[in-house]
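Asks: Provided below: run_36.txt, containing compact mmCIF, C-alpha atoms.
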```txt
# COMPACT_ATOMS: atom_id res chain seq x y z
CA MET L 1 -14.97 9.34 24.28
CA SER L 2 -15.18 12.35 21.99
CA LEU L 3 -13.45 12.58 18.63
CA GLU L 4 -12.27 15.92 17.36
CA ILE L 5 -11.85 16.23 13.61
CA LYS L 6 -9.90 19.16 12.27
CA PHE L 7 -10.09 20.10 8.61
CA SER L 8 -6.66 20.82 7.18
CA SER L 9 -6.79 23.42 4.44
CA PHE L 10 -3.11 23.68 3.62
CA MET L 11 -3.61 22.12 0.20
CA LEU L 12 -6.31 24.57 -0.86
CA PRO L 13 -3.95 27.29 -2.17
CA ALA L 14 -2.31 24.75 -4.46
CA LEU L 15 -5.66 23.44 -5.69
CA TYR L 16 -7.43 26.78 -6.09
CA SER L 17 -4.61 29.09 -7.10
CA THR L 18 -4.38 30.74 -10.50
CA GLU L 19 -1.64 28.33 -11.50
CA GLN L 20 -2.71 25.31 -13.52
CA LEU L 21 -1.89 21.90 -12.10
CA SER L 22 0.35 20.11 -14.52
CA PHE L 23 1.96 16.91 -13.36
CA LEU L 24 1.65 14.25 -10.73
CA THR L 25 5.08 12.73 -10.32
CA LEU L 26 5.54 9.20 -9.10
CA LEU L 27 8.93 7.86 -8.02
CA VAL L 28 8.30 4.16 -8.34
CA GLU L 29 10.24 0.91 -8.62
CA SER L 30 7.83 -0.41 -11.25
CA LEU L 31 4.37 0.23 -12.64
CA SER L 32 2.65 -2.84 -11.20
CA PRO L 33 -0.76 -4.14 -12.35
CA ILE L 34 -2.27 -2.79 -9.12
CA PHE L 35 -0.79 0.62 -9.83
CA ALA L 36 -1.98 0.43 -13.43
CA ARG L 37 -5.56 0.13 -12.22
CA ASP L 38 -5.21 2.81 -9.55
CA SER L 39 -3.51 5.21 -11.94
CA MET L 40 -6.83 5.76 -13.65
CA ILE L 41 -7.86 7.58 -10.48
CA TYR L 42 -4.76 9.75 -10.65
CA LEU L 43 -5.32 10.55 -14.31
CA PHE L 44 -8.88 11.59 -13.51
CA PHE L 45 -7.59 14.34 -11.26
CA PHE L 46 -4.41 15.42 -13.03
CA TRP L 47 -3.51 16.44 -16.57
CA SER L 48 -0.40 14.30 -16.83
CA LEU L 49 1.19 11.42 -14.99
CA CYS L 50 4.98 11.30 -15.03
CA PHE L 51 7.27 8.85 -13.34
CA PHE L 52 10.90 8.06 -12.72
CA SER L 53 11.97 4.48 -12.09
CA PRO L 54 15.15 2.42 -12.45
CA ASN L 55 12.94 -0.51 -13.53
CA ARG L 56 11.12 1.01 -16.45
CA THR L 57 8.96 -1.21 -18.66
CA GLU L 58 7.41 0.38 -21.74
CA GLU L 59 4.45 -2.02 -21.71
CA GLU L 60 3.32 -0.90 -18.27
CA GLU L 61 4.09 2.72 -19.13
CA THR L 62 1.86 2.55 -22.20
CA ALA L 63 -0.89 0.72 -20.32
CA VAL L 64 -1.35 3.56 -17.82
CA GLY L 65 -0.51 6.44 -20.17
CA ALA L 66 2.43 7.59 -18.08
CA HIS L 67 5.33 9.70 -19.33
CA TYR L 68 8.81 8.56 -18.34
CA CYS L 69 11.53 11.03 -17.40
CA GLU L 70 15.14 9.94 -17.32
CA LYS L 71 16.18 12.43 -14.65
CA ILE L 72 14.58 12.85 -11.27
CA GLU L 73 15.58 16.51 -11.30
CA GLU L 74 13.29 17.20 -14.26
CA LEU L 75 10.33 15.67 -12.48
CA LEU L 76 10.93 17.58 -9.28
CA GLN L 77 11.16 20.89 -11.10
CA LYS L 78 7.92 20.64 -13.06
CA SER L 79 5.59 18.69 -10.77
CA ASP L 80 2.81 20.00 -8.59
CA PHE L 81 2.62 16.80 -6.57
CA VAL L 82 5.51 14.39 -5.99
CA MET L 83 4.45 11.00 -4.63
CA LEU L 84 7.09 8.58 -3.41
CA VAL L 85 6.33 4.92 -4.06
CA VAL L 86 9.63 3.10 -3.60
CA ASN L 87 11.15 0.32 -1.54
CA LEU L 88 13.67 1.37 1.09
CA SER L 89 17.15 0.38 -0.05
CA PRO L 90 20.67 1.83 0.04
CA GLN L 91 19.81 3.56 -3.26
CA THR L 92 16.61 5.16 -1.95
CA HIS L 93 17.77 6.00 1.58
CA LYS L 94 17.10 9.76 1.94
CA LEU L 95 16.38 9.93 -1.77
CA ILE L 96 14.67 13.26 -1.15
CA GLY L 97 16.90 15.66 0.74
CA ALA L 98 17.60 19.39 0.87
CA ARG L 99 18.89 19.48 -2.72
CA GLU L 100 15.83 17.71 -4.14
CA LEU L 101 13.37 19.76 -2.10
CA ALA L 102 15.02 22.95 -3.34
CA LEU L 103 14.31 21.85 -6.91
CA MET L 104 10.57 21.55 -6.28
CA LYS L 105 8.08 24.34 -6.90
CA PRO L 106 7.15 26.50 -3.91
CA THR L 107 3.53 25.51 -4.65
CA SER L 108 4.25 21.76 -4.76
CA THR L 109 3.32 19.06 -2.27
CA LEU L 110 5.39 16.02 -1.31
CA ILE L 111 3.48 12.79 -0.64
CA ASN L 112 5.31 9.86 0.94
CA ILE L 113 3.55 6.49 1.08
CA SER L 114 6.66 4.32 0.93
CA ARG L 115 9.05 4.41 3.90
CA GLY L 116 10.01 7.24 6.21
CA LEU L 117 13.75 7.02 5.58
CA VAL L 118 13.24 7.71 1.88
CA VAL L 119 12.99 11.37 2.93
CA ASP L 120 15.50 13.36 4.95
CA GLN L 121 13.04 14.54 7.61
CA GLU L 122 15.25 17.32 8.95
CA ALA L 123 15.54 18.75 5.45
CA LEU L 124 11.78 18.36 4.98
CA VAL L 125 11.00 20.24 8.20
CA ASP L 126 13.33 23.03 7.10
CA ALA L 127 11.74 23.20 3.62
CA LEU L 128 8.23 23.33 5.07
CA GLN L 129 9.11 26.00 7.61
CA LYS L 130 10.83 28.19 5.00
CA GLY L 131 8.15 27.72 2.34
CA THR L 132 10.51 25.94 -0.06
CA ILE L 133 7.57 23.65 -0.81
CA HIS L 134 3.89 24.20 -0.07
CA GLY L 135 3.12 21.12 1.99
CA ALA L 136 3.59 17.45 2.72
CA ALA L 137 1.33 14.44 3.26
CA LEU L 138 3.08 11.59 5.07
CA ASP L 139 1.77 8.11 5.70
CA VAL L 140 5.24 7.08 6.88
CA THR L 141 7.84 8.71 9.11
CA TYR L 142 10.90 7.81 11.13
CA PRO L 143 10.59 6.80 13.80
CA GLU L 144 7.04 5.51 13.85
CA PRO L 145 5.24 6.88 15.69
CA LEU L 146 6.84 10.30 15.84
CA PRO L 147 7.52 11.75 19.30
CA ARG L 148 4.69 14.03 20.37
CA ASP L 149 7.01 17.04 20.31
CA HIS L 150 8.38 16.40 16.81
CA PRO L 151 8.38 19.58 14.67
CA LEU L 152 6.42 17.89 11.86
CA LEU L 153 3.42 17.53 14.15
CA SER L 154 3.28 21.25 14.86
CA LEU L 155 3.33 22.42 11.24
CA LYS L 156 0.02 23.46 9.69
CA ASN L 157 1.12 22.51 6.16
CA VAL L 158 1.62 18.82 6.98
CA ILE L 159 -0.74 15.86 7.21
CA VAL L 160 0.72 12.87 9.10
CA LEU L 161 -0.96 9.47 9.22
CA PRO L 162 0.20 6.63 11.50
CA HIS L 163 1.15 4.33 8.58
CA LEU L 164 -2.40 3.21 7.88
CA GLY L 165 -2.98 4.55 4.39
CA THR L 166 -3.81 1.06 3.12
CA ASN L 167 -5.90 0.09 6.12
CA THR L 168 -9.25 -0.31 4.41
CA TYR L 169 -11.39 -3.43 4.30
CA GLN L 170 -10.97 -3.80 0.56
CA THR L 171 -7.20 -3.33 0.58
CA SER L 172 -6.71 -5.67 3.53
CA GLN L 173 -8.74 -8.32 1.70
CA LYS L 174 -6.62 -7.93 -1.44
CA MET L 175 -3.40 -8.12 0.58
CA VAL L 176 -4.47 -11.42 2.15
CA GLU L 177 -5.47 -12.78 -1.25
CA ARG L 178 -2.08 -11.83 -2.72
CA MET L 179 -0.29 -13.37 0.26
CA VAL L 180 -2.13 -16.66 -0.17
CA THR L 181 -1.54 -16.65 -3.95
CA ASN L 182 2.19 -16.07 -3.51
CA THR L 183 2.49 -18.67 -0.74
CA LEU L 184 0.72 -21.33 -2.80
CA ALA L 185 2.94 -20.57 -5.79
CA VAL L 186 6.11 -21.12 -3.75
CA LEU L 187 4.75 -24.31 -2.17
CA ASN L 188 3.99 -25.61 -5.67
CA GLY L 189 7.52 -24.87 -6.85
CA SER L 190 6.61 -21.82 -8.94
CA PRO L 191 7.98 -18.29 -8.64
CA PRO L 192 5.75 -15.97 -6.62
CA PRO L 193 3.72 -13.65 -8.87
CA ASP L 194 4.63 -10.60 -6.78
CA GLU L 195 8.30 -11.33 -6.25
CA VAL L 196 10.26 -8.25 -5.19
CA ARG L 197 13.73 -8.14 -6.69
CA PRO L 198 16.47 -6.07 -5.01
```
Please rewrite the model in this file as structure tokens.
Replies:
Amino acid sequence: MSLEIKFSSFMLPALYSTEQLSFLTLLVESLSPIFARDSMIYLFFFWSLCFFSPNRTEEEETAVGAHYCEKIEELLQKSDFVMLVVNLSPQTHKLIGARELALMKPTSTLINISRGLVVDQEALVDALQKGTIHGAALDVTYPEPLPRDHPLLSLKNVIVLPHLGTNTYQTSQKMVERMVTNTLAVLNGSPPPDEVRP
């Protein structure tokens, strides 16, 4: 069996253009300890880290050196990369639609690692085809997997993964460890350390 690897260069104009990269925007539910550690990687590559979250905690914000913005519109307008890290809920269903995409820079890239339905895919396809935004990197879609003839799969400014962005040995090991830790806590009558509140 042969494996063909194609290098996607759609991000190169954004990375090597004359415009200076300014902000990495994260739309998150909370700045968790895991994110706090990983954010050091983000800060290594970007000048500033901004986020919007309904569950803001100043302690976590200070720990990772992130800047909080009260309005999602502000983040979308000034960010070079917008990464979605949210749970799927009635509040986040199609959180990013035509209106939000129109607010983004034409040189910006949308990254979705949360759930496919957080983004209005029809609006995203339209924005990518018209050049409203520069590109998109998607670890999640709806449905999963996408039909082979889906327009997203034919666009050269899109990277689509089959929902395996966390599928590394190290991450899988940590996920099992967290699962065991949370299970033992519940069995012992304690609240789970990683409880997700609606």
Asks: Would you give me, as a Markdown table, each residue of stretch 99-123 of chain L having an atom within 12 Å of an atom of stretch 155-170 of chain L, along with its shortest atom pair and that distance in Å to one decimal, using all atoms listed in the file and sorting by chain and residue number?
Replies:
```
| residue | atom | partner | partner_atom | distance |
| --- | --- | --- | --- | --- |
| L:Thr107 | CA | L:Asn157 | CA | 11.5 |
| L:Ser108 | CA | L:Asn157 | CA | 11.4 |
| L:Thr109 | CA | L:Asn157 | CA | 9.4 |
| L:Leu110 | CA | L:Val158 | CA | 9.5 |
| L:Ile111 | CA | L:Ile159 | CA | 9.4 |
| L:Asn112 | CA | L:Val160 | CA | 9.8 |
| L:Ile113 | CA | L:Gly165 | CA | 7.6 |
| L:Ser114 | CA | L:His163 | CA | 9.4 |
| L:Arg115 | CA | L:His163 | CA | 9.2 |
| L:Gly116 | CA | L:His163 | CA | 9.6 |
```
Asks: So what do you get for atom CA of L:Leu152 versus atom CA of L:Ala136, distance-wise?
Replies: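 It comes out at 9.6 Å.
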Asks: Report the distance between atom CA of L:Val119 and atom CA of L:His93 in Å, rounded to one decimal place.
Replies: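 Rounded to one decimal, the two atoms are 7.3 Å apart.
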Asks: With all atoms listed in the file as the atoms that count, which of L:Leu138, L:Glu73, L:Leu128, L:Val86 lies nearest to L:Asn55?
Replies: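 For L:Asn55, the nearest of the given residues is L:Val86.
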Asks: For a test of reading the model, state the distance in Å between atom CA of L:Pro54 and atom CA of L:Ala66, rounded to one decimal.
Replies: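 About the pair atom CA of L:Pro54 and atom CA of L:Ala66: they are 14.8 Å apart.
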Asks: Check the smallest atom-to-atom distance from each of L:Ala127, L:Leu153, L:Leu117, L:Leu95 to L:Thr141 using all atoms listed in the file, then report the winner.
Replies: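 Ranking L:Ala127, L:Leu153, L:Leu117, L:Leu95 by distance to L:Thr141, first place goes to L:Leu117.
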Asks: Out of L:Lys94, L:Asn87, L:Asp149, L:Ser172, which residue has the shortest atom-to-atom distance to L:Val196 when counting only C-alpha atoms?
Replies: L:Asn87
Asks: Please reconstruct the missing atoms of stretch 139-171 of chain L (target: N, CA and C atoms) and return them as a compact mmCIF listing (two decimals), keeping the file's coordinate frame.
Replies:
```txt
# COMPACT_ATOMS: atom_id res chain seq x y z
N ASP L 139 2.34 9.31 5.08
CA ASP L 139 1.77 8.11 5.70
C ASP L 139 2.85 7.37 6.47
N VAL L 140 4.10 7.73 6.23
CA VAL L 140 5.24 7.08 6.88
C VAL L 140 6.21 8.14 7.40
N THR L 141 6.87 7.81 8.50
CA THR L 141 7.84 8.71 9.11
C THR L 141 8.95 7.87 9.72
N TYR L 142 9.95 8.51 10.28
CA TYR L 142 10.90 7.81 11.13
C TYR L 142 11.25 8.70 12.31
N PRO L 143 11.14 8.15 13.53
CA PRO L 143 10.59 6.80 13.80
C PRO L 143 9.07 6.80 13.66
N GLU L 144 8.49 5.65 13.83
CA GLU L 144 7.04 5.51 13.85
C GLU L 144 6.64 4.89 15.19
N PRO L 145 5.79 5.55 15.94
CA PRO L 145 5.24 6.88 15.69
C PRO L 145 6.25 7.97 16.02
N LEU L 146 5.99 9.16 15.51
CA LEU L 146 6.84 10.30 15.84
C LEU L 146 6.66 10.69 17.31
N PRO L 147 7.70 11.20 17.94
CA PRO L 147 7.52 11.75 19.30
C PRO L 147 6.50 12.88 19.28
N ARG L 148 5.76 13.04 20.33
CA ARG L 148 4.69 14.03 20.37
C ARG L 148 5.19 15.45 20.15
N ASP L 149 6.46 15.69 20.47
CA ASP L 149 7.01 17.04 20.31
C ASP L 149 7.80 17.22 19.01
N HIS L 150 7.64 16.29 18.08
CA HIS L 150 8.38 16.40 16.81
C HIS L 150 7.87 17.60 16.02
N PRO L 151 8.79 18.38 15.41
CA PRO L 151 8.38 19.58 14.67
C PRO L 151 7.36 19.34 13.56
N LEU L 152 7.38 18.17 12.93
CA LEU L 152 6.42 17.89 11.86
C LEU L 152 4.99 17.96 12.37
N LEU L 153 4.77 17.58 13.61
CA LEU L 153 3.42 17.53 14.15
C LEU L 153 2.87 18.90 14.51
N SER L 154 3.73 19.89 14.52
CA SER L 154 3.28 21.25 14.86
C SER L 154 3.09 22.14 13.63
N LEU L 155 3.45 21.63 12.46
CA LEU L 155 3.33 22.42 11.24
C LEU L 155 1.92 22.32 10.67
N LYS L 156 1.38 23.44 10.22
CA LYS L 156 0.02 23.46 9.69
C LYS L 156 -0.05 23.02 8.23
N ASN L 157 1.11 22.92 7.57
CA ASN L 157 1.12 22.51 6.16
C ASN L 157 1.55 21.06 6.00
N VAL L 158 1.27 20.25 7.01
CA VAL L 158 1.62 18.82 6.98
C VAL L 158 0.44 17.99 7.45
N ILE L 159 0.21 16.88 6.75
CA ILE L 159 -0.74 15.86 7.21
C ILE L 159 0.08 14.62 7.50
N VAL L 160 -0.02 14.07 8.72
CA VAL L 160 0.72 12.87 9.10
C VAL L 160 -0.27 11.78 9.50
N LEU L 161 -0.15 10.63 8.85
CA LEU L 161 -0.96 9.47 9.22
C LEU L 161 -0.07 8.44 9.90
N PRO L 162 -0.61 7.63 10.79
CA PRO L 162 0.20 6.63 11.50
C PRO L 162 0.39 5.34 10.70
N HIS L 163 0.84 5.47 9.46
CA HIS L 163 1.15 4.33 8.58
C HIS L 163 -0.06 3.40 8.44
N LEU L 164 -1.19 4.01 8.08
CA LEU L 164 -2.40 3.21 7.88
C LEU L 164 -3.12 3.59 6.60
N GLY L 165 -2.38 4.12 5.65
CA GLY L 165 -2.98 4.55 4.39
C GLY L 165 -3.66 3.43 3.62
N THR L 166 -3.20 2.19 3.83
CA THR L 166 -3.81 1.06 3.12
C THR L 166 -4.81 0.31 4.00
N ASN L 167 -5.08 0.83 5.17
CA ASN L 167 -5.90 0.09 6.12
C ASN L 167 -7.40 0.27 5.85
N THR L 168 -7.82 -0.25 4.72
CA THR L 168 -9.25 -0.31 4.41
C THR L 168 -9.65 -1.78 4.29
N TYR L 169 -10.93 -2.04 4.40
CA TYR L 169 -11.39 -3.43 4.30
C TYR L 169 -11.00 -4.03 2.96
N GLN L 170 -11.22 -3.28 1.88
CA GLN L 170 -10.97 -3.80 0.56
C GLN L 170 -9.47 -4.09 0.34
N THR L 171 -8.63 -3.15 0.77
CA THR L 171 -7.20 -3.33 0.58
C THR L 171 -6.67 -4.48 1.43
```
